[in-house]
file coords.txt (compact mmCIF, C-alpha atoms)
# COMPACT_ATOMS: atom_id res chain seq x y z
CA MET A 8 -162.75 -45.69 -47.80
CA SER A 9 -162.33 -49.08 -46.13
CA LEU A 10 -159.13 -51.04 -46.57
CA PRO A 11 -159.07 -54.24 -48.63
CA ILE A 12 -158.91 -57.69 -47.07
CA LEU A 13 -155.57 -59.28 -47.92
CA GLU A 14 -155.00 -62.96 -48.55
CA GLY A 15 -152.86 -64.63 -45.90
CA ALA A 16 -150.59 -67.64 -46.23
CA ALA A 17 -152.25 -70.88 -47.29
CA ASP A 18 -151.76 -72.44 -43.86
CA TRP A 19 -153.09 -69.46 -41.90
CA PRO A 20 -156.51 -70.29 -40.46
CA GLN A 21 -159.58 -68.08 -40.90
CA VAL A 22 -161.58 -67.52 -37.72
CA LEU A 23 -162.60 -63.87 -37.79
CA LEU A 24 -162.77 -63.29 -41.54
CA ALA A 25 -163.95 -66.72 -42.67
CA ARG A 26 -167.18 -65.34 -44.15
CA ALA A 27 -166.05 -61.80 -44.98
CA VAL A 28 -162.96 -62.66 -46.97
CA GLU A 29 -164.94 -62.79 -50.23
CA GLY A 30 -166.76 -59.52 -49.49
CA PRO A 31 -169.27 -58.06 -47.03
CA VAL A 32 -171.89 -60.42 -45.58
CA GLU A 33 -174.88 -58.32 -46.53
CA ASP A 34 -177.81 -59.79 -44.57
CA LEU A 35 -178.90 -62.42 -42.10
CA ALA A 36 -179.76 -65.01 -44.75
CA MET A 37 -176.29 -64.70 -46.25
CA ALA A 38 -174.72 -65.02 -42.80
CA GLU A 39 -176.88 -68.05 -41.90
CA ALA A 40 -175.80 -69.75 -45.11
CA GLY A 41 -172.25 -69.43 -43.82
CA GLY A 42 -173.13 -70.87 -40.41
CA ALA A 43 -174.17 -67.81 -38.42
CA TRP A 44 -176.13 -68.34 -35.18
CA LYS A 45 -175.45 -72.09 -35.07
CA ALA A 46 -172.95 -71.54 -32.26
CA PHE A 47 -175.52 -69.47 -30.37
CA GLY A 48 -178.04 -72.27 -30.81
CA ARG A 49 -175.54 -74.76 -29.42
CA ALA A 50 -174.65 -72.49 -26.51
CA THR A 51 -178.26 -71.91 -25.45
CA GLY A 52 -179.65 -75.31 -26.44
CA GLU A 53 -176.91 -77.78 -25.54
CA LEU A 54 -174.60 -76.00 -23.12
CA SER A 55 -175.11 -74.24 -19.82
CA PRO A 56 -173.66 -70.76 -19.24
CA GLU A 57 -170.98 -72.36 -17.08
CA ALA A 58 -170.12 -74.77 -19.91
CA VAL A 59 -169.74 -71.87 -22.33
CA ILE A 60 -167.41 -70.06 -19.93
CA HIS A 61 -165.45 -73.29 -19.43
CA THR A 62 -165.10 -73.72 -23.21
CA VAL A 63 -163.88 -70.15 -23.71
CA THR A 64 -161.48 -70.53 -20.78
CA GLU A 65 -160.03 -73.80 -22.05
CA SER A 66 -159.62 -72.39 -25.55
CA GLY A 67 -157.02 -69.91 -24.28
CA LEU A 68 -158.75 -66.93 -25.90
CA ARG A 69 -157.23 -63.67 -24.73
CA GLY A 70 -158.48 -60.15 -25.23
CA LEU A 71 -157.63 -58.96 -28.73
CA GLY A 72 -157.88 -55.27 -27.89
CA GLY A 73 -154.32 -55.09 -26.64
CA ALA A 74 -154.31 -56.06 -22.96
CA GLY A 75 -154.45 -59.79 -23.67
CA TYR A 76 -156.28 -60.71 -20.46
CA PRO A 77 -157.77 -64.25 -20.53
CA THR A 78 -161.37 -63.86 -21.69
CA GLY A 79 -162.80 -66.79 -19.76
CA ALA A 80 -161.29 -65.55 -16.49
CA LYS A 81 -162.93 -62.15 -16.99
CA TRP A 82 -166.32 -63.76 -17.66
CA ARG A 83 -166.01 -66.06 -14.65
CA ASP A 84 -165.12 -63.17 -12.35
CA CYS A 85 -168.21 -61.30 -13.54
CA VAL A 86 -170.64 -64.16 -12.88
CA SER A 87 -169.12 -64.80 -9.45
CA GLN A 88 -170.41 -61.44 -8.21
CA PRO A 89 -173.60 -61.57 -6.10
CA ASP A 90 -175.23 -58.62 -7.89
CA PRO A 91 -178.03 -60.03 -10.12
CA VAL A 92 -177.56 -57.34 -12.79
CA HIS A 93 -174.71 -57.88 -15.23
CA TYR A 94 -173.77 -55.98 -18.39
CA VAL A 95 -171.76 -56.71 -21.52
CA VAL A 96 -169.96 -53.78 -23.13
CA VAL A 97 -168.31 -54.17 -26.52
CA ASN A 98 -165.40 -51.86 -27.21
CA GLY A 99 -165.66 -50.95 -30.88
CA PHE A 100 -164.53 -47.35 -30.43
CA GLU A 101 -161.16 -48.09 -32.08
CA ALA A 102 -159.42 -44.94 -30.94
CA ASP A 103 -156.10 -45.35 -32.76
CA PRO A 104 -155.99 -42.93 -35.70
CA GLY A 105 -156.50 -44.72 -38.99
CA ALA A 106 -157.21 -48.14 -37.46
CA GLN A 107 -160.05 -50.03 -39.17
CA LEU A 108 -159.85 -53.57 -37.78
CA ASP A 109 -162.90 -53.54 -35.51
CA ARG A 110 -164.71 -51.51 -38.13
CA ALA A 111 -163.93 -54.16 -40.73
CA LEU A 112 -165.69 -56.82 -38.68
CA MET A 113 -168.63 -54.60 -37.77
CA GLU A 114 -169.15 -53.64 -41.40
CA ARG A 115 -168.24 -56.85 -43.26
CA ASP A 116 -169.63 -59.60 -41.01
CA THR A 117 -171.96 -57.77 -38.68
CA GLN A 118 -173.92 -60.88 -37.67
CA LEU A 119 -170.70 -62.50 -36.42
CA VAL A 120 -170.20 -59.60 -34.00
CA VAL A 121 -173.84 -59.65 -32.84
CA GLU A 122 -173.74 -63.42 -32.33
CA GLY A 123 -170.56 -63.14 -30.27
CA VAL A 124 -172.20 -60.48 -28.11
CA ALA A 125 -175.26 -62.69 -27.62
CA ILE A 126 -173.17 -65.69 -26.54
CA ALA A 127 -171.20 -63.57 -24.08
CA ALA A 128 -174.41 -62.15 -22.61
CA TRP A 129 -175.89 -65.65 -22.25
CA ALA A 130 -172.76 -66.89 -20.53
CA VAL A 131 -172.56 -64.09 -17.95
CA GLY A 132 -176.31 -63.64 -17.41
CA ALA A 133 -176.57 -60.17 -18.93
CA GLU A 134 -179.88 -58.93 -20.33
CA LYS A 135 -178.36 -55.71 -21.67
CA ALA A 136 -175.35 -55.26 -23.94
CA ILE A 137 -173.95 -52.06 -25.41
CA ILE A 138 -171.76 -51.90 -28.49
CA ALA A 139 -169.72 -48.68 -28.33
CA VAL A 140 -168.85 -47.30 -31.78
CA SER A 141 -167.08 -44.13 -32.78
CA SER A 142 -169.30 -41.47 -34.34
CA ALA A 143 -166.73 -41.43 -37.14
CA ALA A 144 -167.92 -44.92 -38.22
CA PRO A 145 -171.56 -44.35 -39.28
CA VAL A 146 -171.59 -47.30 -41.69
CA ALA A 147 -170.69 -49.67 -38.85
CA THR A 148 -173.43 -48.17 -36.68
CA ASP A 149 -176.06 -48.52 -39.40
CA ARG A 150 -175.14 -52.11 -40.17
CA LEU A 151 -175.07 -53.11 -36.52
CA ASN A 152 -178.54 -51.66 -35.95
CA ALA A 153 -179.83 -53.44 -39.04
CA ALA A 154 -178.24 -56.74 -38.00
CA ILE A 155 -179.70 -56.49 -34.50
CA ASP A 156 -183.17 -55.87 -35.95
CA GLU A 157 -182.77 -58.92 -38.21
CA ALA A 158 -181.67 -61.06 -35.27
CA ILE A 159 -184.69 -59.90 -33.27
CA ASP A 160 -187.07 -60.61 -36.14
CA ALA A 161 -185.55 -64.08 -36.51
CA GLY A 162 -186.12 -64.75 -32.80
CA TYR A 163 -182.47 -65.10 -31.83
CA ILE A 164 -182.45 -62.21 -29.36
CA GLY A 165 -184.94 -59.81 -27.81
CA ARG A 166 -187.78 -60.13 -25.35
CA ALA A 167 -189.76 -62.44 -27.64
CA ALA A 168 -186.87 -64.81 -28.24
CA ASP A 169 -187.24 -68.46 -27.29
CA GLY A 170 -183.84 -68.22 -25.66
CA PRO A 171 -182.63 -65.68 -23.10
CA SER A 172 -183.92 -62.10 -23.15
CA LEU A 173 -181.31 -59.72 -24.48
CA GLU A 174 -181.35 -56.09 -25.54
CA ILE A 175 -178.37 -54.94 -27.61
CA GLU A 176 -177.88 -51.21 -27.98
CA VAL A 177 -175.46 -49.53 -30.38
CA ARG A 178 -174.10 -46.36 -28.82
CA GLU A 179 -172.19 -43.79 -30.85
CA LEU A 180 -169.51 -41.95 -28.90
CA THR A 181 -167.32 -38.97 -29.59
CA GLY A 182 -164.05 -38.41 -27.82
CA THR A 183 -160.30 -38.64 -27.97
CA PHE A 184 -157.77 -41.45 -27.98
CA THR A 185 -158.34 -42.13 -24.27
CA VAL A 186 -161.91 -43.37 -24.81
CA GLY A 187 -160.48 -46.65 -26.05
CA GLU A 188 -159.36 -47.49 -22.48
CA GLU A 189 -162.00 -49.62 -20.79
CA THR A 190 -162.70 -47.55 -17.68
CA VAL A 191 -162.76 -44.35 -19.73
CA LEU A 192 -165.21 -46.01 -22.08
CA LEU A 193 -167.50 -46.88 -19.18
CA ARG A 194 -167.51 -43.31 -17.91
CA ALA A 195 -168.28 -42.04 -21.42
CA LEU A 196 -171.22 -44.46 -21.68
CA GLU A 197 -172.52 -43.11 -18.37
CA GLY A 198 -172.35 -39.56 -19.72
CA LYS A 199 -169.50 -38.62 -17.41
CA ARG A 200 -166.13 -37.04 -18.11
CA ALA A 201 -163.96 -39.43 -20.08
CA GLN A 202 -161.22 -40.13 -17.55
CA PRO A 203 -159.71 -43.41 -16.33
CA ASP A 204 -160.54 -44.99 -12.98
CA GLN A 205 -158.27 -46.68 -10.48
CA ARG A 206 -158.23 -50.47 -10.76
CA PRO A 207 -159.05 -52.56 -8.73
CA PRO A 208 -161.98 -52.85 -8.52
CA TYR A 209 -162.03 -54.10 -12.09
CA PRO A 210 -165.08 -53.62 -14.31
CA SER A 211 -165.92 -57.32 -14.01
CA ARG A 212 -166.77 -56.53 -10.38
CA ARG A 213 -167.78 -52.88 -10.56
CA GLY A 214 -168.29 -51.54 -14.04
CA LEU A 215 -171.14 -49.82 -15.87
CA TRP A 216 -173.40 -48.05 -13.37
CA GLY A 217 -171.49 -49.85 -10.62
CA LYS A 218 -172.64 -53.28 -11.83
CA PRO A 219 -170.46 -56.28 -12.80
CA THR A 220 -169.55 -55.73 -16.43
CA VAL A 221 -167.72 -57.74 -19.07
CA ILE A 222 -165.85 -55.46 -21.47
CA ASN A 223 -164.43 -57.11 -24.55
CA ASN A 224 -163.08 -55.84 -27.83
CA VAL A 225 -165.03 -56.50 -31.04
CA LYS A 226 -162.38 -58.91 -32.31
CA THR A 227 -162.46 -60.90 -29.07
CA LEU A 228 -166.20 -61.51 -29.16
CA ALA A 229 -166.09 -62.22 -32.89
CA ALA A 230 -163.89 -65.24 -32.12
CA VAL A 231 -166.36 -66.71 -29.62
CA PRO A 232 -168.85 -68.27 -32.10
CA TRP A 233 -166.02 -70.20 -33.79
CA ILE A 234 -164.82 -71.47 -30.42
CA VAL A 235 -168.29 -72.62 -29.33
CA ALA A 236 -168.92 -74.27 -32.71
CA ASN A 237 -165.54 -76.01 -33.05
CA GLY A 238 -164.46 -76.58 -29.46
CA ALA A 239 -161.77 -75.30 -27.16
CA GLY A 240 -159.16 -77.75 -28.41
CA ALA A 241 -159.54 -76.70 -32.03
CA PHE A 242 -158.97 -73.05 -31.16
CA GLY A 243 -156.15 -73.85 -28.77
CA SER A 244 -154.28 -75.64 -31.54
CA LEU A 245 -154.16 -72.47 -33.64
CA GLY A 246 -151.46 -69.86 -33.39
CA ASP A 247 -148.87 -69.75 -30.64
CA ALA A 248 -148.82 -72.02 -27.59
CA GLU A 249 -148.91 -69.01 -25.24
CA TRP A 250 -151.24 -67.00 -27.47
CA PRO A 251 -153.71 -69.33 -29.19
CA GLY A 252 -155.88 -68.28 -32.08
CA THR A 253 -155.72 -65.53 -34.64
CA THR A 254 -156.03 -61.77 -34.82
CA LEU A 255 -156.40 -59.07 -37.43
CA VAL A 256 -153.46 -56.92 -38.49
CA GLN A 257 -153.57 -53.71 -40.49
CA LEU A 258 -150.66 -53.06 -42.84
CA GLY A 259 -149.76 -49.57 -43.98
CA GLY A 260 -146.90 -47.22 -44.73
CA SER A 261 -144.50 -48.29 -47.43
CA VAL A 262 -145.84 -51.85 -47.88
CA LYS A 263 -146.76 -52.65 -51.46
CA ARG A 264 -150.18 -53.98 -50.48
CA PRO A 265 -151.79 -52.07 -47.61
CA GLY A 266 -154.86 -53.65 -46.07
CA ILE A 267 -156.17 -55.98 -43.38
CA VAL A 268 -155.17 -59.60 -42.92
CA GLU A 269 -155.97 -62.32 -40.42
CA ILE A 270 -152.84 -63.92 -38.99
CA PRO A 271 -152.17 -66.66 -36.43
CA PHE A 272 -150.47 -65.46 -33.27
CA GLY A 273 -146.79 -66.28 -33.49
CA ALA A 274 -146.40 -65.35 -37.16
CA THR A 275 -143.32 -63.16 -37.52
CA LEU A 276 -143.49 -59.53 -38.55
CA LYS A 277 -141.40 -60.42 -41.59
CA ALA A 278 -143.88 -63.10 -42.69
CA VAL A 279 -146.73 -60.62 -42.46
CA ILE A 280 -144.98 -57.79 -44.29
CA ASP A 281 -143.37 -59.91 -46.99
CA GLY A 282 -146.38 -62.19 -47.44
CA PRO A 283 -149.76 -60.41 -47.43
CA GLY A 284 -148.05 -57.00 -47.57
CA GLY A 285 -146.02 -57.92 -50.65
CA GLY A 286 -142.83 -56.48 -49.19
CA THR A 287 -141.95 -52.81 -49.11
CA ARG A 288 -141.33 -50.02 -51.59
CA GLY A 289 -137.75 -48.90 -51.08
CA LYS A 290 -135.39 -50.02 -48.33
CA LEU A 291 -137.13 -50.78 -45.04
CA LYS A 292 -135.85 -48.67 -42.16
CA ALA A 293 -138.28 -49.45 -39.36
CA VAL A 294 -141.71 -50.83 -38.54
CA LEU A 295 -144.01 -49.00 -36.17
CA VAL A 296 -145.97 -51.64 -34.25
CA GLY A 297 -148.97 -50.67 -32.16
CA GLY A 298 -150.04 -47.15 -33.09
CA PRO A 299 -149.32 -43.95 -31.13
CA THR A 300 -148.20 -45.79 -27.97
CA GLY A 301 -146.34 -48.45 -29.93
CA GLY A 302 -142.67 -48.74 -30.74
CA PHE A 303 -140.29 -48.61 -33.69
CA LEU A 304 -138.52 -51.87 -34.48
CA PRO A 305 -135.58 -52.09 -36.89
CA ALA A 306 -135.48 -54.27 -39.99
CA ASP A 307 -133.27 -56.82 -38.22
CA ALA A 308 -135.97 -57.36 -35.57
CA LEU A 309 -138.60 -58.58 -38.02
CA ASP A 310 -138.24 -62.15 -36.80
CA THR A 311 -140.12 -61.04 -33.68
CA PRO A 312 -143.34 -63.08 -33.46
CA PHE A 313 -146.63 -61.23 -33.37
CA ALA A 314 -147.65 -62.08 -29.80
CA TYR A 315 -148.26 -59.42 -27.19
CA ASP A 316 -145.57 -60.57 -24.74
CA SER A 317 -142.90 -60.81 -27.45
CA LEU A 318 -143.79 -57.41 -28.85
CA ARG A 319 -143.73 -55.76 -25.43
CA GLU A 320 -140.31 -57.24 -24.68
CA ALA A 321 -139.10 -55.67 -27.92
CA GLY A 322 -140.55 -52.29 -26.92
CA ALA A 323 -143.60 -52.39 -29.17
CA LEU A 324 -147.27 -53.19 -28.52
CA GLY A 325 -149.90 -55.47 -30.05
CA GLY A 326 -152.35 -52.73 -29.16
CA SER A 327 -154.20 -51.62 -32.25
CA SER A 328 -152.55 -54.44 -34.28
CA THR A 329 -151.27 -51.95 -36.82
CA LEU A 330 -147.97 -52.36 -38.65
CA MET A 331 -146.59 -49.31 -40.46
CA ALA A 332 -143.52 -49.94 -42.59
CA LEU A 333 -141.20 -46.93 -42.89
CA ASP A 334 -138.47 -46.28 -45.43
CA GLU A 335 -135.25 -44.29 -45.09
CA LYS A 336 -136.91 -40.98 -45.99
CA VAL A 337 -138.63 -40.92 -42.60
CA CYS A 338 -137.02 -39.25 -39.60
CA LEU A 339 -137.92 -41.48 -36.69
CA VAL A 340 -137.16 -38.84 -34.07
CA ASP A 341 -139.57 -36.47 -35.80
CA LEU A 342 -142.29 -39.12 -36.15
CA ALA A 343 -141.88 -40.29 -32.53
CA THR A 344 -142.16 -36.67 -31.38
CA LEU A 345 -145.30 -36.19 -33.47
CA MET A 346 -146.89 -39.27 -31.90
CA THR A 347 -145.94 -38.14 -28.38
CA ARG A 348 -147.48 -34.74 -29.03
CA TYR A 349 -150.63 -36.49 -30.25
CA LEU A 350 -150.80 -38.43 -27.00
CA SER A 351 -150.29 -35.25 -25.02
CA ASP A 352 -153.06 -33.47 -26.91
CA ASN A 353 -155.40 -36.41 -26.25
CA ALA A 354 -154.55 -36.96 -22.59
CA SER A 355 -157.42 -36.91 -20.10
CA GLY A 356 -155.52 -34.73 -17.64
CA LYS A 357 -156.64 -36.68 -14.57
CA THR A 358 -153.21 -37.54 -13.18
CA ILE A 359 -149.85 -35.79 -13.05
CA PRO A 360 -148.21 -38.31 -15.45
CA ASP A 361 -151.13 -37.82 -17.83
CA ARG A 362 -151.46 -34.05 -17.47
CA ILE A 363 -147.79 -33.05 -17.21
CA GLY A 364 -145.60 -36.06 -17.89
CA ILE A 365 -146.68 -36.72 -21.49
CA ARG A 366 -146.35 -33.03 -22.34
CA ARG A 367 -142.81 -33.02 -20.94
CA LEU A 368 -142.02 -36.03 -23.14
CA ALA A 369 -143.34 -34.10 -26.15
CA GLU A 370 -141.23 -31.09 -25.18
CA LEU A 371 -138.12 -33.25 -24.97
CA GLY A 372 -138.88 -34.58 -28.45
CA ALA A 373 -139.42 -31.07 -29.74
CA GLY A 374 -136.00 -30.08 -28.43
CA LEU A 375 -134.45 -32.98 -30.34
CA THR A 376 -136.11 -32.01 -33.62
CA THR A 377 -135.37 -28.26 -33.41
CA GLY A 378 -131.72 -28.44 -32.39
CA HIS A 379 -132.36 -27.36 -28.80
CA ALA A 380 -131.63 -30.63 -27.01
CA ARG A 381 -129.53 -30.55 -23.86
CA PRO A 382 -126.89 -33.15 -22.94
CA SER A 383 -129.04 -34.35 -20.05
CA ASP A 384 -132.19 -34.88 -22.17
CA PRO A 385 -131.67 -38.59 -23.02
CA ASP A 386 -131.25 -39.47 -19.33
CA LEU A 387 -134.21 -37.27 -18.43
CA LEU A 388 -136.33 -38.97 -21.10
CA THR A 389 -135.48 -42.43 -19.77
CA ALA A 390 -136.15 -41.49 -16.14
CA LEU A 391 -139.38 -39.64 -16.91
CA ALA A 392 -140.77 -42.54 -18.97
CA ALA A 393 -139.94 -44.99 -16.15
CA ASP A 394 -141.59 -42.80 -13.53
CA MET A 395 -144.70 -42.42 -15.68
CA ARG A 396 -144.99 -46.17 -16.18
CA ALA A 397 -144.71 -46.76 -12.45
CA ALA A 398 -147.34 -44.14 -11.57
CA ALA A 399 -149.69 -44.60 -14.52
CA LEU A 400 -153.42 -44.92 -14.12
CA SER A 401 -154.02 -45.85 -17.76
CA GLY A 402 -152.20 -47.53 -20.61
CA LEU A 403 -151.77 -44.23 -22.43
CA GLU A 404 -149.66 -42.85 -19.58
CA ALA A 405 -147.72 -46.09 -19.09
CA ASP A 406 -146.76 -46.47 -22.74
CA ALA A 407 -146.44 -42.83 -23.84
CA GLY A 408 -142.63 -43.04 -23.78
CA ASN A 409 -142.44 -46.04 -26.13
CA PRO A 410 -142.01 -44.14 -29.43
CA LEU A 411 -139.05 -42.03 -28.28
CA LEU A 412 -137.54 -44.81 -26.16
CA THR A 413 -137.49 -47.31 -29.02
CA VAL A 414 -135.86 -44.77 -31.33
CA MET A 415 -133.19 -44.20 -28.69
CA ARG A 416 -132.83 -47.97 -28.20
CA TYR A 417 -132.70 -49.23 -31.78
CA PHE A 418 -131.67 -46.20 -33.79
CA ALA A 419 -129.00 -44.75 -31.54
CA PRO A 420 -126.94 -43.04 -34.31
CA GLU A 421 -130.01 -41.16 -35.55
CA PHE A 422 -131.06 -40.25 -32.03
CA GLN A 423 -127.54 -39.13 -31.07
CA ALA A 424 -127.24 -37.01 -34.20
CA HIS A 425 -130.27 -35.06 -33.04
CA ALA A 426 -129.33 -35.00 -29.35
CA GLU A 427 -125.61 -34.28 -29.59
CA ARG A 428 -125.08 -32.43 -32.86
CA GLY A 429 -128.46 -30.97 -33.72
CA GLU A 430 -128.43 -32.84 -37.05
CA CYS A 431 -131.14 -34.82 -38.83
CA PRO A 432 -129.69 -37.61 -41.02
CA ALA A 433 -132.97 -37.84 -42.96
CA GLY A 434 -132.96 -34.12 -43.66
CA VAL A 435 -136.43 -33.65 -42.18
CA CYS A 436 -135.75 -31.69 -38.99
CA GLN A 437 -133.39 -29.03 -40.33
CA PRO A 438 -134.70 -25.67 -39.09
CA ILE A 439 -135.30 -23.19 -41.92
CA PRO A 440 -133.66 -19.82 -41.10
CA LEU A 441 -135.69 -16.71 -41.87
CA ALA A 442 -134.17 -14.10 -44.15
CA GLY A 443 -132.27 -11.47 -42.16
CA VAL A 444 -132.61 -13.37 -38.89
CA PRO A 445 -129.45 -14.97 -37.48
CA SER A 446 -129.75 -18.73 -37.15
call {"tool": "encode", "arguments": {"input": "coords.txt", "output": "structure tokens"}}
result
Amino acid sequence: MSLPILEGAADWPQVLLARAVEGPVEDLAMAEAGGAWKAFGRATGELSPEAVIHTVTESGLRGLGGAGYPTGAKWRDCVSQPDPVHYVVVNGFEADPGAQLDRALMERDTQLVVEGVAIAAWAVGAEKAIIAVSSAAPVATDRLNAAIDEAIDAGYIGRAADGPSLEIEVRELTGTFTVGEETVLLRALEGKRAQPDQRPPYPSRRGLWGKPTVINNVKTLAAVPWIVANGAGAFGSLGDAEWPGTTLVQLGGSVKRPGIVEIPFGATLKAVIDGPGGGTRGKLKAVLVGGPTGGFLPADALDTPFAYDSLREAGALGGSSTLMALDEKVCLVDLATLMTRYLSDNASGKTIPDRIGIRRLAELGAGLTTGHARPSDPDLLTALAADMRAAALSGLEADAGNPLLTVMRYFAPEFQAHAERGECPAGVCQPIPLAGVPS
């Protein structure tokens, strides 16, 4: 069941959900009535590919999948390569468990996503684009295929189009959490083992099938039509000075109103939780920001602005753009350990940090939650996480220590109770002795 779209503050702009906020945009005619494909017409009729790239660059749009790399710079690097064959790959796999943000766009305003893909392909000279979707999102796949067929019939894309030739393929993928990483995604699309590659070379120079490839998240490309239609300056005036524009955030946990909301970058976590989320049920203990590789922030850190740099400084991640509010019934050491074990179970196994390091982190967490921690474990956890970040090949390895590290950083009394006394203040981790067996 898809999550509801929440109403944001009155002064929060609508870029990504402007048409979908009232409900799903069901067909091409409905999308065109709301302005769909006008930006594509402007891009191909009034602007050159270089002008489109310049507009996206000047707008300040950054990747909304978590890395935050400037979108225009990625496109420009791709077109600067001498190889005549370029590809566009759209990352809609959305690997974080429970995340539905990309899915919301693909299902509720499918033509917006397809138009953004078409503009990107025009700008970088790609005649083939692939939208990668999880096999667990069949509705998104069906609607994308239907929207692409409508766009072809209308003459916007395809070999018979008046504009540039473009084939858009929707590819369903199965796999684990790691498939969300861009180089792993490329290998999966090639039918190879889903493992990360060393970078550089970056995909914009050597990507799918060894060709220059632009990889962008669904949310990133969905912002492109608005930018082309309204101009770089209009987009740059939205959100934060360092992080212009908007993004989607998914609220869950103990918030009174779980769902999806579009927020401007720079809005504080408190404004998001207390506004669209309606506050929390019970006393707020922590907010998990960024999914399995994210971090736990305390209630007194809710003035942190939602911008990737600010979140990373605090120990969390923009990542999946999920916010999970947690009340005092939750043991954060237990939950952080559960997340670390999930990462270990989903690791690709290509490198030593990935194959062994994450499992050792999970083992350290397990010792904390079962009363078997050693005095040296906190120092070992800190050193291991630092070594993994320094040697990481992928973001999963680099950020795997975040859950346990942020508990140790912000919730020291709870962490120390587990590490030093074998106690769980929340009463979650108390081992249950078996009858007749000494504890």
call {"tool": "closest_residue", "arguments": {"input": "coords.txt", "among": "A:Phe422, A:Tyr349, A:Phe100, A:Phe313", "to": "Arg178 of chain A", "atoms": "only C-alpha atoms"}}
result
A:Phe100
call {"tool": "residues_near_point", "arguments": {"input": "coords.txt", "point": "(-170.4, -46.0, -16.6)", "cutoff": "12 Å", "atoms": "all atoms listed in the file", "output": "ChimeraX atom specification"}}
result
/A:94-96,137,189-204,210,213-220,222
call {"tool": "residues_around", "arguments": {"input": "coords.txt", "residues": "segment 303-311 of chain A", "least_positions_apart": "5", "cutoff": "8 Å", "atoms": "only C-alpha atoms", "output": "list in words"}}
result
Thr275, Leu276, Lys277, Leu291, Lys292, Ala293, Val294, Leu295, Val296, Ser317, Leu318, Ala321, Gly322, Ala323, Pro410, Thr413, Val414, Tyr417 and Phe418 of chain A
call {"tool": "residues_around", "arguments": {"input": "coords.txt", "residues": "Gly285 of chain A", "least_positions_apart": "5", "cutoff": "9 Å", "atoms": "all atoms listed in the file", "output": "PyMOL selection string"}}
result
chain A and resi 262-265+279-280
call {"tool": "write_last_selection", "arguments": {"input": "coords.txt", "atoms": "C-alpha atoms", "output": "compact mmCIF listing (two decimals), in the coordinates of the input"}}
result
# COMPACT_ATOMS: atom_id res chain seq x y z
CA VAL A 262 -145.84 -51.85 -47.88
CA LYS A 263 -146.76 -52.65 -51.46
CA ARG A 264 -150.18 -53.98 -50.48
CA PRO A 265 -151.79 -52.07 -47.61
CA VAL A 279 -146.73 -60.62 -42.46
CA ILE A 280 -144.98 -57.79 -44.29
call {"tool": "atom_distance", "arguments": {"input": "coords.txt", "atom1": "atom CA of Thr254 of chain A", "atom2": "atom CA of Ala128 of chain A"}}
result
22.1 Å
call {"tool": "residues_near_point", "arguments": {"input": "coords.txt", "point": "(-179.9, -63.7, -30.2)", "cutoff": "9 Å", "atoms": "only C-alpha atoms", "output": "JSON, numbers by chain"}}
result
{"A": [44, 47, 48, 121, 122, 124, 125, 126, 155, 158, 159, 161, 162, 163, 164, 165, 168, 170, 171, 172, 173]}
call {"tool": "atom_distance", "arguments": {"input": "coords.txt", "atom1": "atom CA of Pro382 of chain A", "atom2": "atom CA of Glu320 of chain A"}}
result
27.6 Å
call {"tool": "atom_distance", "arguments": {"input": "coords.txt", "atom1": "atom CA of Val231 of chain A", "atom2": "atom CA of Gly246 of chain A"}}
result
15.7 Å
call {"tool": "closest_residue", "arguments": {"input": "coords.txt", "among": "A:Glu188, A:Glu29, A:Asp116, A:Glu370", "to": "Arg348 of chain A", "atoms": "all atoms listed in the file"}}
result
A:Glu370
call {"tool": "residues_around", "arguments": {"input": "coords.txt", "residues": "segment 141-145 of chain A", "least_positions_apart": "6", "cutoff": "6 Å", "atoms": "all atoms listed in the file", "output": "compact mmCIF listing (two decimals) with C-alpha atoms, in the coordinates of the input"}}
result
# COMPACT_ATOMS: atom_id res chain seq x y z
CA PHE A 100 -164.53 -47.35 -30.43
CA GLU A 179 -172.19 -43.79 -30.85
CA LEU A 180 -169.51 -41.95 -28.90
CA THR A 181 -167.32 -38.97 -29.59
call {"tool": "closest_residue", "arguments": {"input": "coords.txt", "among": "A:Gly182, A:Pro360, A:Gly378, A:Tyr315", "to": "Ala393 of chain A", "atoms": "all atoms listed in the file"}}
result
A:Pro360
call {"tool": "closest_residue", "arguments": {"input": "coords.txt", "among": "A:Asp281, A:Asp361, A:Glu134, A:Asp156", "to": "Glu174 of chain A", "atoms": "all atoms listed in the file"}}
result
A:Glu134
call {"tool": "residues_around", "arguments": {"input": "coords.txt", "residues": "Thr344 of chain A", "least_positions_apart": "2", "cutoff": "9 Å", "atoms": "only C-alpha atoms", "output": "number ranges by chain"}}
result
A: 339-342, 346-349, 368-373, 375-376, 410-411
call {"tool": "residues_around", "arguments": {"input": "coords.txt", "residues": "Pro251 of chain A", "least_positions_apart": "4", "cutoff": "7 Å", "atoms": "only C-alpha atoms", "output": "ChimeraX atom specification"}}
result
/A:67-68,242-247,272
